[in-house]
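First comes the structure, then the notes that go with it.
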Amino acid sequence: MTKVFASLGVSLDGFVAGPNARPGNPLGDGGTRIHRWMYDVGAWRERLGMSGGTTNVSGEVVEANFARAGAYVMGRRMFDEGEAGWPDPPPFRAPVFVVTHTPREPWARQGGTTFTFVTEGIEHALALAGAAAGDKDVQIAGGADTVRQFLNAGLVDDLEIHLAPLVLGGGVRLFDGVDTDLELEPDRVVDAREVTHVRYRVIR
Ligand SMILES: NC(=O)c1ccc[n+]([C@@H]2O[C@H](COP(=O)([O-])OP(=O)(O)OC[C@H]3O[C@@H](n4cnc5c(N)ncnc54)[C@H](OP(=O)(O)O)[C@@H]3O)[C@@H](O)[C@H]2O)c1
């Protein structure tokens, strides 16, 4: 494992999901608009088993993130929504470690994605993901609660925000509970028309 990164779509007012997020209402009320920039991107469509789509700078960002991720860690609430909605094969095509307090047998899907449920906390999940990722990076996929814990534990190297030009007004905030001594150094900004991709290096 070389690096640990998180990469999330965020509304201008700081939400990664709208209110009432649950399986059947993924990303909450109005929350799918956070990812609107992504739905027509060819690199994203390909991961969902669809052809076509656009090739643009946002596509390069999506492709680069998928390419660097050798394994993923996610929270159980993100997983619950995805279990109901992701296709088979799911978009990850790499091992996924789900942090939860409820033990469950691993769930193997097509395309190299097996969901392994980890009840021993974030550091154990990261150790498993790091071993699975080999010389690639580990992506902390979300949601907010899980990313917050990784940030507060000083375990994240890069944080990428895909800032969507919309106001959600409520829902799941990314930075609630994140330590205020978190120090970030801007590393790269990609200015796509419909979204701004901002990557920060976390300074320890
Ligand atoms: N905008 C984006 O890019 C983006 C990306 C990802 C997700 N999301 C959205 O974010 C929302 C989910 O975020 P969230 O903050 O509500 O939840 P989350 O981080 O996805 O999941 C939280 C859950 O994970 C488990 N968990 C977390 N830390 C744990 C630990 N240390 N030990 C054991 N279990 C642990 C707990 O599940 P148990 O209850 O099983 O204990 C906890 O309730 C969803 O709506 C999803 O669609 C958005």
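So you can find residues: chains in the structure tokens are A, B, ... in the order shown, residues in each start at 1, and ligands are numbered from 1 in order.
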
Practice item. Return as a list in words the residues of protein, DNA or RNA that approach ligand 1 to within 6 Å, with only C-alpha atoms and all ligand atoms taken into account. Key: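 Counting only what the definition allows, namely only C-alpha atoms and all ligand atoms, the set is Leu8, Gly9, Val10, Val16, Ala17, Ala21, Pro26, Leu27, Gly28, Gly75, Arg76, Arg77, Met78, Val99, Thr100, His101, Thr102, Thr119, Gly121, Ile122, Ala141, Gly142, Gly143, Ala144, Asp145 and Thr146 of chain A.
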
Write the residues of the preceding selection, restricted to C-alpha atoms, as a compact mmCIF listing (two decimals), in the first residue's frame.
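Here's the written file result.txt:
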# COMPACT_ATOMS: atom_id res chain seq x y z
CA LEU A 8 -16.28 12.36 -2.31
CA GLY A 9 -18.88 14.43 -4.06
CA VAL A 10 -19.97 17.34 -1.87
CA VAL A 16 -22.40 14.19 0.85
CA ALA A 17 -26.03 13.04 0.96
CA ALA A 21 -30.75 8.54 2.90
CA PRO A 26 -29.60 6.35 -2.08
CA LEU A 27 -27.83 9.65 -1.32
CA GLY A 28 -31.06 10.93 0.27
CA GLY A 75 -19.13 2.30 6.14
CA ARG A 76 -22.08 0.02 6.57
CA ARG A 77 -24.65 2.68 5.67
CA MET A 78 -22.98 3.35 2.33
CA VAL A 99 -16.80 -1.48 8.73
CA THR A 100 -19.78 -2.52 10.82
CA HIS A 101 -20.74 -3.80 14.25
CA THR A 102 -22.78 -6.64 12.71
CA THR A 119 -16.13 -5.63 13.09
CA GLY A 121 -12.64 -1.11 13.69
CA ILE A 122 -11.15 1.17 11.05
CA ALA A 141 -15.05 5.33 -0.15
CA GLY A 142 -17.38 6.89 2.44
CA GLY A 143 -19.70 7.75 3.92
CA ALA A 144 -19.11 10.76 6.11
CA ASP A 145 -18.93 8.93 9.44
CA THR A 146 -16.26 6.58 8.15

**Study point:** Shell around Pro91 (chain A) at 10 Å using only C-alpha atoms, local window under 6 positions removed, as number ranges by chain
**Key:** A: 44-49, 66, 111-113

Produce a file of the selected residues containing N, CA and C atoms, as a PDB file, in the first residue's frame.
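Below is the file that was written, again.pdb:
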ATOM      1  N   TRP A  44     -17.280   6.390 -15.937  1.00  0.00           N
ATOM      2  CA  TRP A  44     -18.207   5.962 -14.895  1.00  0.00           C
ATOM      3  C   TRP A  44     -19.247   4.998 -15.464  1.00  0.00           C
ATOM      4  N   ARG A  45     -19.775   5.311 -16.656  1.00  0.00           N
ATOM      5  CA  ARG A  45     -20.768   4.441 -17.284  1.00  0.00           C
ATOM      6  C   ARG A  45     -20.186   3.050 -17.516  1.00  0.00           C
ATOM      7  N   GLU A  46     -18.928   3.020 -17.923  1.00  0.00           N
ATOM      8  CA  GLU A  46     -18.279   1.726 -18.184  1.00  0.00           C
ATOM      9  C   GLU A  46     -18.256   0.880 -16.915  1.00  0.00           C
ATOM     10  N   ARG A  47     -18.022   1.520 -15.765  1.00  0.00           N
ATOM     11  CA  ARG A  47     -17.991   0.799 -14.488  1.00  0.00           C
ATOM     12  C   ARG A  47     -19.369   0.267 -14.095  1.00  0.00           C
ATOM     13  N   LEU A  48     -20.407   0.858 -14.688  1.00  0.00           N
ATOM     14  CA  LEU A  48     -21.767   0.381 -14.412  1.00  0.00           C
ATOM     15  C   LEU A  48     -22.278  -0.547 -15.520  1.00  0.00           C
ATOM     16  N   GLY A  49     -21.370  -0.925 -16.428  1.00  0.00           N
ATOM     17  CA  GLY A  49     -21.742  -1.850 -17.488  1.00  0.00           C
ATOM     18  C   GLY A  49     -22.466  -1.197 -18.648  1.00  0.00           C
ATOM     19  N   PHE A  66     -10.161   5.325 -10.066  1.00  0.00           N
ATOM     20  CA  PHE A  66     -10.354   3.870 -10.151  1.00  0.00           C
ATOM     21  C   PHE A  66      -9.014   3.166 -10.333  1.00  0.00           C
ATOM     22  N   GLY A 111     -16.432  -9.725 -11.116  1.00  0.00           N
ATOM     23  CA  GLY A 111     -15.528  -8.638 -11.482  1.00  0.00           C
ATOM     24  C   GLY A 111     -14.464  -8.321 -10.451  1.00  0.00           C
ATOM     25  N   GLY A 112     -14.256  -9.223  -9.479  1.00  0.00           N
ATOM     26  CA  GLY A 112     -13.168  -9.008  -8.516  1.00  0.00           C
ATOM     27  C   GLY A 112     -13.583  -8.272  -7.248  1.00  0.00           C
ATOM     28  N   THR A 113     -14.880  -8.012  -7.080  1.00  0.00           N
ATOM     29  CA  THR A 113     -15.334  -7.317  -5.869  1.00  0.00           C
ATOM     30  C   THR A 113     -15.901  -8.323  -4.870  1.00  0.00           C
TER      31      THR A 113
END

Taking only residues of region 29-64 of chain A that have an atom at most 8 Å from an atom of region 159-178 of chain A, what is each one's shortest atom pair and its distance in Å to one decimal, using only C-alpha atoms, in chain and number order, as a tab-separated table?
residue	atom	partner	partner_atom	distance
A:Gly30	CA	A:Leu168	CA	7.0
A:Gly31	CA	A:Leu168	CA	7.3
A:Arg33	CA	A:Leu166	CA	7.9
A:Ile34	CA	A:Ala164	CA	5.7
A:His35	CA	A:Ala164	CA	7.6
A:Trp37	CA	A:Ala164	CA	7.9

Kindly export the residues of the current selection with N, CA and C atoms, as a short mmCIF file (atom, residue, chain, number, x, y, z; two decimals), in the first residue's frame.
data_model
loop_
_atom_site.label_atom_id
_atom_site.label_comp_id
_atom_site.auth_asym_id
_atom_site.auth_seq_id
_atom_site.Cartn_x
_atom_site.Cartn_y
_atom_site.Cartn_z
N GLY A 30 -32.81 14.47 -2.98
CA GLY A 30 -32.07 15.43 -3.81
C GLY A 30 -30.59 15.14 -3.92
N GLY A 31 -30.10 14.12 -3.22
CA GLY A 31 -28.65 13.91 -3.12
C GLY A 31 -28.00 13.39 -4.37
N ARG A 33 -28.13 14.59 -7.09
CA ARG A 33 -27.64 15.75 -7.86
C ARG A 33 -26.16 16.03 -7.59
N ILE A 34 -25.67 15.55 -6.42
CA ILE A 34 -24.24 15.75 -6.11
C ILE A 34 -23.37 15.10 -7.18
N HIS A 35 -23.83 13.97 -7.70
CA HIS A 35 -23.04 13.22 -8.68
C HIS A 35 -23.51 13.45 -10.12
N TRP A 37 -22.72 15.42 -12.37
CA TRP A 37 -21.62 15.61 -13.32
C TRP A 37 -21.05 14.28 -13.82
#

**Study point:** Test item: residues at most 10 Å from region 127-137 of chain A, only C-alpha atoms, excluding those fewer than 4 positions along its chain, as a ChimeraX atom specification
**Key:** /A:1-5,65-73,94-97,116,118,122-123

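The residue that comes closest to Val156 (chain A), out of A:Val57, A:Ile203, A:Met50, A:Val195 and on the basis of only C-alpha atoms, is A:Ile203.
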
Practice item. Rank A:Leu182, A:Ile140, A:Leu12, A:Val41 by their smallest atom-to-atom distance to Val62 (chain A), using only C-alpha atoms, and report the top residue only. Key: A:Val41
